[in-house]
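Contents: one structure, followed by commentary.
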Amino acid sequence: MGHGLKSTSSVPSGPARESLVALERAHESAVTDRVFQTGVRKLVQDSWQRSLSLSLDPGSVAPERALTDVELRDLRNQHPLAAVLPVVHNLLIRHALDAELLVAIGDESGRLLWIDGDRVLRRQVEEMLFVEGADWSEQRVGTSAPGTALALDRGIQIRRAEHFNALAHPWSCTAVPIHDPDTGKILGVIDITGGDQAVAPQTLPLVEAAVAAMEAELRIQRLDGHRTIASDRTDARAPRRSSIALLPAPGRNLVPVGFGVLGSDYGHLESGGMAIDVSPRHAEILTLLAWHREGLSADRLAFLLSDQTGSDQNNSVDTLRAEMVRVRKVLEQVSPPVVIGSRPYRLQFPVELDAQRVLAFLERGAHRVALAAYRGPVLPNSFSPGIIDIRTEVSARLREAMLTDASVDLLLEYARSEEATYDSEVWRACLELLPARSPKRATVVARLKRIDDELGALRTTSQR
């Protein structure tokens, strides 16, 4: 990709276009009538047959449970390929940014753990749920480069309508499995996705070379780790390095702790398979500590919980200290317990807010997943200034992402939410995006008229 590659998903002309049309017809014949036409590569036909035998839908991607940020982070941290990401960055990712391509790394089951590259393209492929955490195995989405490469255990290229799922037909991809250098076991897969340049003749050798470098780096790190262990046996004071450093620190909480605060005034805490509801005041405290992971002084936390200032501030700090005793007792009910340290007040282990997961989905370009995870404003009836700030930021960032990057169908879904139902700017954006002859335009126009009428009536009443 750093060698003059430039990706595009535009439709070619001439003989290339005729070839694409023929491929589309062959795909339609296969998935509709199960009649396989000539001119389609055997590995593609075989994959289509496997996909049909699984009764996969060729027109949509079946929804799946979205991984939480904590779950995705744990999968990444525990995966051996995390140790060789710098190799991928140096050989592929830094060039992909200029080449309008994406680089994705999946685990041995086909779940995408890392995606990087062109930001515009990342938003576009969200429509087919090509996002971090998604399952792109052949068993899930049918024929695709990452999934089929894993199924066949070989590097392959899949061009446009060779994909089983029609949502992927605008795109092409090249993927190569990654193997354990010692056992030969499949560790994962690396994929290049984009326009036709993603399946250029030079792309497959480039990815194969990157995989060879990754496997070589894994072997070097393991040899280095073995040397370190041998050294440690002769010198107990020697620092451990390489793979030894990837082991979790003693006492680290490996159980994801989630805290739900969207659309409810009560908090919902989940830890180690246990769940408890916490009071609105305790939910405010935990939300602020989860948001400010660096910790908060007693004065600062008291201020964020109350708009009192001046002489009342000392009283609010005393009140806070008494409240912290009560919230710590509540947190002892879960196992492992959630611990709050002092000076400053800080959560000893990360607690993942559902609001933070929404923002993380937006950052990864998974706007549809983010909207599905957004159940409403953060602690909607809280008047604490710190909570108001968090609530406003999450709401504003979701709204901005919807207006800027969402497809018209997703924007309409957002517009129908309680939060945007009277947002005339959102509804006007829907009207601008809808095709001129779309039957949905009438509903949007009617909604805009209702908003104008009701706001006009309110203005009239306030002026009396």
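Ordering of the structure tokens sets the chain letters (A, B, ...), residue numbers begin anew at 1 in every chain, and ligands are numbered from 1 in the order given.
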Original post:
Got a sec: who's within 12 Å of Arg76 of chain A, counting only C-alpha atoms, leaving out chain neighbours fewer than 2 positions off, as a ChimeraX atom specification?
Top reply: /A:67,69-74,78-85,105-107,111-115,132-133,188,246
Given the selection you just returned, output its residues as a file containing N, CA, C and O atoms, formatted as a compact mmCIF listing (two decimals), in the first residue's frame.
```txt
# COMPACT_ATOMS: atom_id res chain seq x y z
N LEU A 67 -20.19 -6.95 22.09
CA LEU A 67 -19.26 -7.06 23.20
C LEU A 67 -19.18 -5.74 23.94
O LEU A 67 -19.20 -4.67 23.33
N ASP A 69 -17.08 -2.93 26.10
CA ASP A 69 -15.71 -2.46 25.96
C ASP A 69 -14.75 -3.28 26.82
O ASP A 69 -13.62 -3.57 26.40
N VAL A 70 -15.21 -3.67 28.00
CA VAL A 70 -14.36 -4.48 28.88
C VAL A 70 -14.11 -5.85 28.26
O VAL A 70 -12.97 -6.35 28.27
N GLU A 71 -15.14 -6.47 27.72
CA GLU A 71 -14.97 -7.79 27.10
C GLU A 71 -14.02 -7.73 25.91
O GLU A 71 -13.16 -8.59 25.74
N LEU A 72 -14.18 -6.69 25.07
CA LEU A 72 -13.29 -6.56 23.92
C LEU A 72 -11.86 -6.29 24.36
O LEU A 72 -10.92 -6.88 23.82
N ARG A 73 -11.71 -5.44 25.37
CA ARG A 73 -10.36 -5.15 25.86
C ARG A 73 -9.70 -6.40 26.42
O ARG A 73 -8.51 -6.66 26.19
N ASP A 74 -10.46 -7.22 27.15
CA ASP A 74 -9.90 -8.45 27.71
C ASP A 74 -9.50 -9.43 26.61
O ASP A 74 -8.45 -10.08 26.69
N GLN A 78 -5.57 -10.59 26.12
CA GLN A 78 -5.23 -12.00 26.32
C GLN A 78 -4.76 -12.68 25.03
O GLN A 78 -4.27 -13.81 25.07
N HIS A 79 -4.92 -11.99 23.88
CA HIS A 79 -4.60 -12.64 22.62
C HIS A 79 -3.11 -12.48 22.30
O HIS A 79 -2.54 -11.41 22.46
N PRO A 80 -2.47 -13.55 21.85
CA PRO A 80 -1.02 -13.47 21.57
C PRO A 80 -0.64 -12.47 20.48
O PRO A 80 0.48 -11.97 20.46
N LEU A 81 -1.57 -12.16 19.58
CA LEU A 81 -1.24 -11.21 18.51
C LEU A 81 -1.11 -9.78 19.01
O LEU A 81 -0.59 -8.92 18.29
N ALA A 82 -1.57 -9.51 20.24
CA ALA A 82 -1.42 -8.16 20.79
C ALA A 82 0.04 -7.77 20.88
O ALA A 82 0.39 -6.59 20.79
N ALA A 83 0.92 -8.77 21.04
CA ALA A 83 2.34 -8.49 21.22
C ALA A 83 3.04 -8.10 19.92
O ALA A 83 4.16 -7.59 19.95
N VAL A 84 2.38 -8.33 18.76
CA VAL A 84 3.04 -8.04 17.48
C VAL A 84 2.32 -6.95 16.70
O VAL A 84 2.56 -6.78 15.50
N LEU A 85 1.45 -6.20 17.36
CA LEU A 85 0.75 -5.11 16.68
C LEU A 85 1.70 -4.07 16.08
O LEU A 85 1.42 -3.52 15.01
N ILE A 105 -7.61 -7.24 12.09
CA ILE A 105 -7.01 -8.44 12.65
C ILE A 105 -8.08 -9.16 13.46
O ILE A 105 -8.71 -8.57 14.35
N GLY A 106 -8.30 -10.43 13.13
CA GLY A 106 -9.29 -11.22 13.84
C GLY A 106 -8.64 -12.37 14.59
O GLY A 106 -7.49 -12.75 14.31
N ASP A 107 -9.37 -12.94 15.54
CA ASP A 107 -8.84 -14.09 16.26
C ASP A 107 -9.09 -15.37 15.46
O ASP A 107 -9.57 -15.33 14.32
N ARG A 111 -13.48 -13.45 14.96
CA ARG A 111 -13.95 -12.22 15.60
C ARG A 111 -12.91 -11.11 15.40
O ARG A 111 -11.75 -11.29 15.70
N LEU A 112 -13.37 -9.97 14.91
CA LEU A 112 -12.47 -8.86 14.62
C LEU A 112 -12.07 -8.16 15.92
O LEU A 112 -12.93 -7.64 16.64
N LEU A 113 -10.78 -8.14 16.20
CA LEU A 113 -10.29 -7.54 17.44
C LEU A 113 -9.76 -6.13 17.23
O LEU A 113 -9.89 -5.28 18.11
N TRP A 114 -9.14 -5.89 16.09
CA TRP A 114 -8.59 -4.56 15.80
C TRP A 114 -8.93 -4.19 14.36
O TRP A 114 -8.82 -5.02 13.45
N ILE A 115 -9.35 -2.94 14.14
CA ILE A 115 -9.55 -2.40 12.80
C ILE A 115 -8.92 -1.01 12.78
O ILE A 115 -9.17 -0.20 13.67
N GLU A 132 -15.12 -3.59 15.13
CA GLU A 132 -14.36 -4.31 16.14
C GLU A 132 -15.31 -5.05 17.08
O GLU A 132 -16.30 -4.48 17.54
N GLY A 133 -15.02 -6.30 17.34
CA GLY A 133 -15.87 -7.13 18.19
C GLY A 133 -16.84 -7.99 17.42
O GLY A 133 -17.43 -8.92 17.98
N GLY A 188 -5.03 -16.50 14.27
CA GLY A 188 -5.95 -15.45 13.84
C GLY A 188 -5.82 -15.21 12.36
O GLY A 188 -5.32 -16.06 11.60
N LEU A 246 3.52 -9.78 30.04
CA LEU A 246 2.12 -9.76 29.64
C LEU A 246 1.22 -10.44 30.65
O LEU A 246 0.00 -10.37 30.55
```
Residues within 10 Å of segment 275-279 of chain A, please, as a PDB file with N, CA and C atoms, in the first residue's frame. Count only C-alpha atoms; anything in the same chain fewer than 2 positions from it doesn't count.
```
ATOM      1  N   VAL A 257     -16.446  -5.423  35.331  1.00  0.00           N
ATOM      2  CA  VAL A 257     -17.438  -4.789  36.183  1.00  0.00           C
ATOM      3  C   VAL A 257     -18.163  -3.748  35.348  1.00  0.00           C
ATOM      4  N   GLY A 258     -19.447  -3.927  35.174  1.00  0.00           N
ATOM      5  CA  GLY A 258     -20.243  -3.001  34.385  1.00  0.00           C
ATOM      6  C   GLY A 258     -21.209  -2.225  35.261  1.00  0.00           C
ATOM      7  N   PHE A 259     -21.478  -0.986  34.872  1.00  0.00           N
ATOM      8  CA  PHE A 259     -22.378  -0.137  35.653  1.00  0.00           C
ATOM      9  C   PHE A 259     -23.308   0.582  34.697  1.00  0.00           C
ATOM     10  N   GLY A 260     -24.590   0.256  34.781  1.00  0.00           N
ATOM     11  CA  GLY A 260     -25.587   0.847  33.898  1.00  0.00           C
ATOM     12  C   GLY A 260     -26.243   2.069  34.508  1.00  0.00           C
ATOM     13  N   ASP A 265     -32.601   6.435  36.922  1.00  0.00           N
ATOM     14  CA  ASP A 265     -32.020   7.203  38.025  1.00  0.00           C
ATOM     15  C   ASP A 265     -31.298   6.301  39.014  1.00  0.00           C
ATOM     16  N   TYR A 266     -31.530   4.999  38.925  1.00  0.00           N
ATOM     17  CA  TYR A 266     -30.827   4.035  39.759  1.00  0.00           C
ATOM     18  C   TYR A 266     -29.691   3.424  38.950  1.00  0.00           C
ATOM     19  N   GLY A 267     -28.608   3.045  39.615  1.00  0.00           N
ATOM     20  CA  GLY A 267     -27.506   2.385  38.942  1.00  0.00           C
ATOM     21  C   GLY A 267     -27.654   0.886  39.021  1.00  0.00           C
ATOM     22  N   HIS A 268     -27.165   0.196  37.980  1.00  0.00           N
ATOM     23  CA  HIS A 268     -27.222  -1.267  37.954  1.00  0.00           C
ATOM     24  C   HIS A 268     -25.800  -1.784  37.831  1.00  0.00           C
ATOM     25  N   LEU A 269     -25.290  -2.394  38.901  1.00  0.00           N
ATOM     26  CA  LEU A 269     -23.902  -2.840  38.960  1.00  0.00           C
ATOM     27  C   LEU A 269     -23.826  -4.337  38.751  1.00  0.00           C
ATOM     28  N   GLU A 270     -22.941  -4.769  37.824  1.00  0.00           N
ATOM     29  CA  GLU A 270     -22.735  -6.189  37.553  1.00  0.00           C
ATOM     30  C   GLU A 270     -21.264  -6.512  37.736  1.00  0.00           C
ATOM     31  N   SER A 271     -20.991  -7.522  38.570  1.00  0.00           N
ATOM     32  CA  SER A 271     -19.609  -7.931  38.829  1.00  0.00           C
ATOM     33  C   SER A 271     -19.583  -9.413  39.147  1.00  0.00           C
ATOM     34  N   GLY A 272     -18.752 -10.144  38.404  1.00  0.00           N
ATOM     35  CA  GLY A 272     -18.577 -11.568  38.681  1.00  0.00           C
ATOM     36  C   GLY A 272     -19.853 -12.373  38.624  1.00  0.00           C
ATOM     37  N   GLY A 273     -20.761 -12.015  37.714  1.00  0.00           N
ATOM     38  CA  GLY A 273     -22.020 -12.739  37.590  1.00  0.00           C
ATOM     39  C   GLY A 273     -23.080 -12.297  38.579  1.00  0.00           C
ATOM     40  N   ARG A 281     -28.247   8.438  44.699  1.00  0.00           N
ATOM     41  CA  ARG A 281     -27.084   9.161  45.181  1.00  0.00           C
ATOM     42  C   ARG A 281     -25.810   8.345  45.011  1.00  0.00           C
ATOM     43  N   HIS A 282     -25.892   7.057  45.328  1.00  0.00           N
ATOM     44  CA  HIS A 282     -24.729   6.201  45.149  1.00  0.00           C
ATOM     45  C   HIS A 282     -24.398   6.026  43.665  1.00  0.00           C
ATOM     46  N   ALA A 283     -25.422   6.028  42.817  1.00  0.00           N
ATOM     47  CA  ALA A 283     -25.194   5.944  41.372  1.00  0.00           C
ATOM     48  C   ALA A 283     -24.438   7.174  40.885  1.00  0.00           C
ATOM     49  N   GLU A 284     -24.757   8.340  41.440  1.00  0.00           N
ATOM     50  CA  GLU A 284     -24.036   9.554  41.064  1.00  0.00           C
ATOM     51  C   GLU A 284     -22.566   9.458  41.451  1.00  0.00           C
ATOM     52  N   LEU A 286     -20.684   6.729  42.003  1.00  0.00           N
ATOM     53  CA  LEU A 286     -19.966   5.733  41.200  1.00  0.00           C
ATOM     54  C   LEU A 286     -19.779   6.195  39.760  1.00  0.00           C
ATOM     55  N   VAL A 327     -21.745   3.865  50.810  1.00  0.00           N
ATOM     56  CA  VAL A 327     -21.609   3.290  49.473  1.00  0.00           C
ATOM     57  C   VAL A 327     -20.593   2.153  49.474  1.00  0.00           C
ATOM     58  N   VAL A 330     -22.305  -0.972  50.513  1.00  0.00           N
ATOM     59  CA  VAL A 330     -23.126  -1.512  49.419  1.00  0.00           C
ATOM     60  C   VAL A 330     -22.259  -2.297  48.441  1.00  0.00           C
ATOM     61  N   LEU A 331     -21.088  -1.746  48.119  1.00  0.00           N
ATOM     62  CA  LEU A 331     -20.211  -2.375  47.132  1.00  0.00           C
ATOM     63  C   LEU A 331     -19.600  -3.674  47.638  1.00  0.00           C
ATOM     64  N   GLN A 333     -21.246  -6.026  48.677  1.00  0.00           N
ATOM     65  CA  GLN A 333     -22.211  -7.089  48.384  1.00  0.00           C
ATOM     66  C   GLN A 333     -21.840  -7.882  47.131  1.00  0.00           C
ATOM     67  N   VAL A 334     -21.059  -7.280  46.236  1.00  0.00           N
ATOM     68  CA  VAL A 334     -20.695  -7.980  45.009  1.00  0.00           C
ATOM     69  C   VAL A 334     -19.351  -8.676  45.212  1.00  0.00           C
ATOM     70  N   SER A 335     -19.122  -9.704  44.420  1.00  0.00           N
ATOM     71  CA  SER A 335     -17.878 -10.462  44.534  1.00  0.00           C
ATOM     72  C   SER A 335     -17.298 -10.681  43.139  1.00  0.00           C
TER      73      SER A 335
END
```
Subject >> For segment 189-194 of chain A: contacts at 9 Å, only C-alpha atoms, fewer than 4 positions along chain excluded, given as number ranges by chain >> reply: A: 7-9, 92, 96, 100-108, 110, 112, 121, 145-147, 149-150, 170-179, 198-199, 203, 207, 210-211
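Every protein or nucleic acid residue with an atom no more than 9 Å from Ile340 of chain A, counting only C-alpha atoms and leaving out same-chain residues fewer than 4 positions away, appears here: A:Leu289, A:Met324, A:Arg328, A:Leu331, A:Tyr345, A:Arg346, A:Leu347, A:Gln348, A:Phe349.
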**OP:** Identify, with DSSP run on backbone atoms, the residues in segment 44-278 of chain A assigned to helix (DSSP H, G or I), and express the list as a ChimeraX atom specification.
**Re:** /A:44-53,69-78,80-99,119-128,138-141,145-152,160-162,166-168,196-199,203-234,242-246
Original post:
DSSP on the backbone: what in segment 25-198 of chain A comes out strand (DSSP E or B), as an NGL selection string?
Top reply: :A and (102-107 or 111-117 or 135 or 156-159 or 172-179 or 186-194)
Subject >> Nearby residues (only C-alpha atoms) at most 12 Å from Asp182 of chain A, same-chain spacing under 2 positions excluded, as a VMD selection string >> reply: chain A and resid 179 to 180 184 to 187 215 to 216 218 to 220 222 to 223
Take the residues just selected and output them with N, CA and C atoms as a PDB file, in the first residue's frame.
```
ATOM      1  N   HIS A 179      -0.305 -18.103  11.959  1.00  0.00           N
ATOM      2  CA  HIS A 179      -0.103 -19.367  12.670  1.00  0.00           C
ATOM      3  C   HIS A 179       0.881 -19.207  13.824  1.00  0.00           C
ATOM      4  N   ASP A 180       0.700 -20.056  14.818  1.00  0.00           N
ATOM      5  CA  ASP A 180       1.671 -20.151  15.904  1.00  0.00           C
ATOM      6  C   ASP A 180       2.977 -20.693  15.322  1.00  0.00           C
ATOM      7  N   GLY A 184       2.053 -24.432  14.820  1.00  0.00           N
ATOM      8  CA  GLY A 184       1.353 -24.381  13.543  1.00  0.00           C
ATOM      9  C   GLY A 184      -0.135 -24.111  13.673  1.00  0.00           C
ATOM     10  N   LYS A 185      -0.623 -24.005  14.895  1.00  0.00           N
ATOM     11  CA  LYS A 185      -2.038 -23.739  15.128  1.00  0.00           C
ATOM     12  C   LYS A 185      -2.414 -22.339  14.660  1.00  0.00           C
ATOM     13  N   ILE A 186      -3.624 -22.196  14.108  1.00  0.00           N
ATOM     14  CA  ILE A 186      -4.095 -20.884  13.667  1.00  0.00           C
ATOM     15  C   ILE A 186      -4.319 -19.985  14.882  1.00  0.00           C
ATOM     16  N   LEU A 187      -3.701 -18.815  14.871  1.00  0.00           N
ATOM     17  CA  LEU A 187      -3.894 -17.825  15.936  1.00  0.00           C
ATOM     18  C   LEU A 187      -4.918 -16.772  15.563  1.00  0.00           C
ATOM     19  N   GLU A 215       4.794 -13.700  12.521  1.00  0.00           N
ATOM     20  CA  GLU A 215       5.141 -15.010  13.079  1.00  0.00           C
ATOM     21  C   GLU A 215       6.601 -15.049  13.527  1.00  0.00           C
ATOM     22  N   ALA A 216       7.466 -14.400  12.753  1.00  0.00           N
ATOM     23  CA  ALA A 216       8.875 -14.345  13.145  1.00  0.00           C
ATOM     24  C   ALA A 216       9.054 -13.547  14.432  1.00  0.00           C
ATOM     25  N   LEU A 218       6.845 -13.214  16.825  1.00  0.00           N
ATOM     26  CA  LEU A 218       6.356 -14.055  17.918  1.00  0.00           C
ATOM     27  C   LEU A 218       7.435 -15.044  18.364  1.00  0.00           C
ATOM     28  N   ARG A 219       8.111 -15.649  17.398  1.00  0.00           N
ATOM     29  CA  ARG A 219       9.162 -16.609  17.734  1.00  0.00           C
ATOM     30  C   ARG A 219      10.313 -15.926  18.481  1.00  0.00           C
ATOM     31  N   ILE A 220      10.689 -14.729  18.018  1.00  0.00           N
ATOM     32  CA  ILE A 220      11.772 -13.985  18.674  1.00  0.00           C
ATOM     33  C   ILE A 220      11.391 -13.647  20.106  1.00  0.00           C
ATOM     34  N   ARG A 222       9.307 -15.166  22.049  1.00  0.00           N
ATOM     35  CA  ARG A 222       9.278 -16.369  22.885  1.00  0.00           C
ATOM     36  C   ARG A 222      10.695 -16.814  23.247  1.00  0.00           C
ATOM     37  N   LEU A 223      11.588 -16.751  22.276  1.00  0.00           N
ATOM     38  CA  LEU A 223      12.985 -17.093  22.579  1.00  0.00           C
ATOM     39  C   LEU A 223      13.547 -16.134  23.610  1.00  0.00           C
TER      40      LEU A 223
END
```
Subject >> Selection near segment 298-305 of chain A, 10 Å with only C-alpha atoms, sequence-local residues under 2 positions removed, as a PyMOL selection string >> reply: chain A and resi 281+284-285+288-289+292+295-296+307-309+313-321+342-345+382-389
Original post:
Which value, in Å to one decimal, gives the distance between atom CA of Val261 of chain A and atom CA of Arg399 of chain A?
Top reply: 18.4 Å
Original post:
Got a sec: who's within 10 Å of Gln139 of chain A, counting only C-alpha atoms, leaving out chain neighbours fewer than 5 positions off, as a count of residues only?
Top reply: 11
Subject >> Separation of atom CA of Ser60 of chain A from atom CA of Leu362 of chain A, in Å and rounded to one decimal >> reply: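 That distance, rounded to one decimal, is 21.6 Å.
In this structure, atom CA of Val369 of chain A sits 15.6 Å away from atom CA of Leu353 of chain A.
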Original post:
Smallest atom-to-atom distance to Gln356 of chain A: which of A:Met274, A:Leu403, A:Leu206, A:Leu262, using only C-alpha atoms?
Top reply: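 The shortest atom-to-atom distance to Gln356 of chain A comes from A:Leu262.
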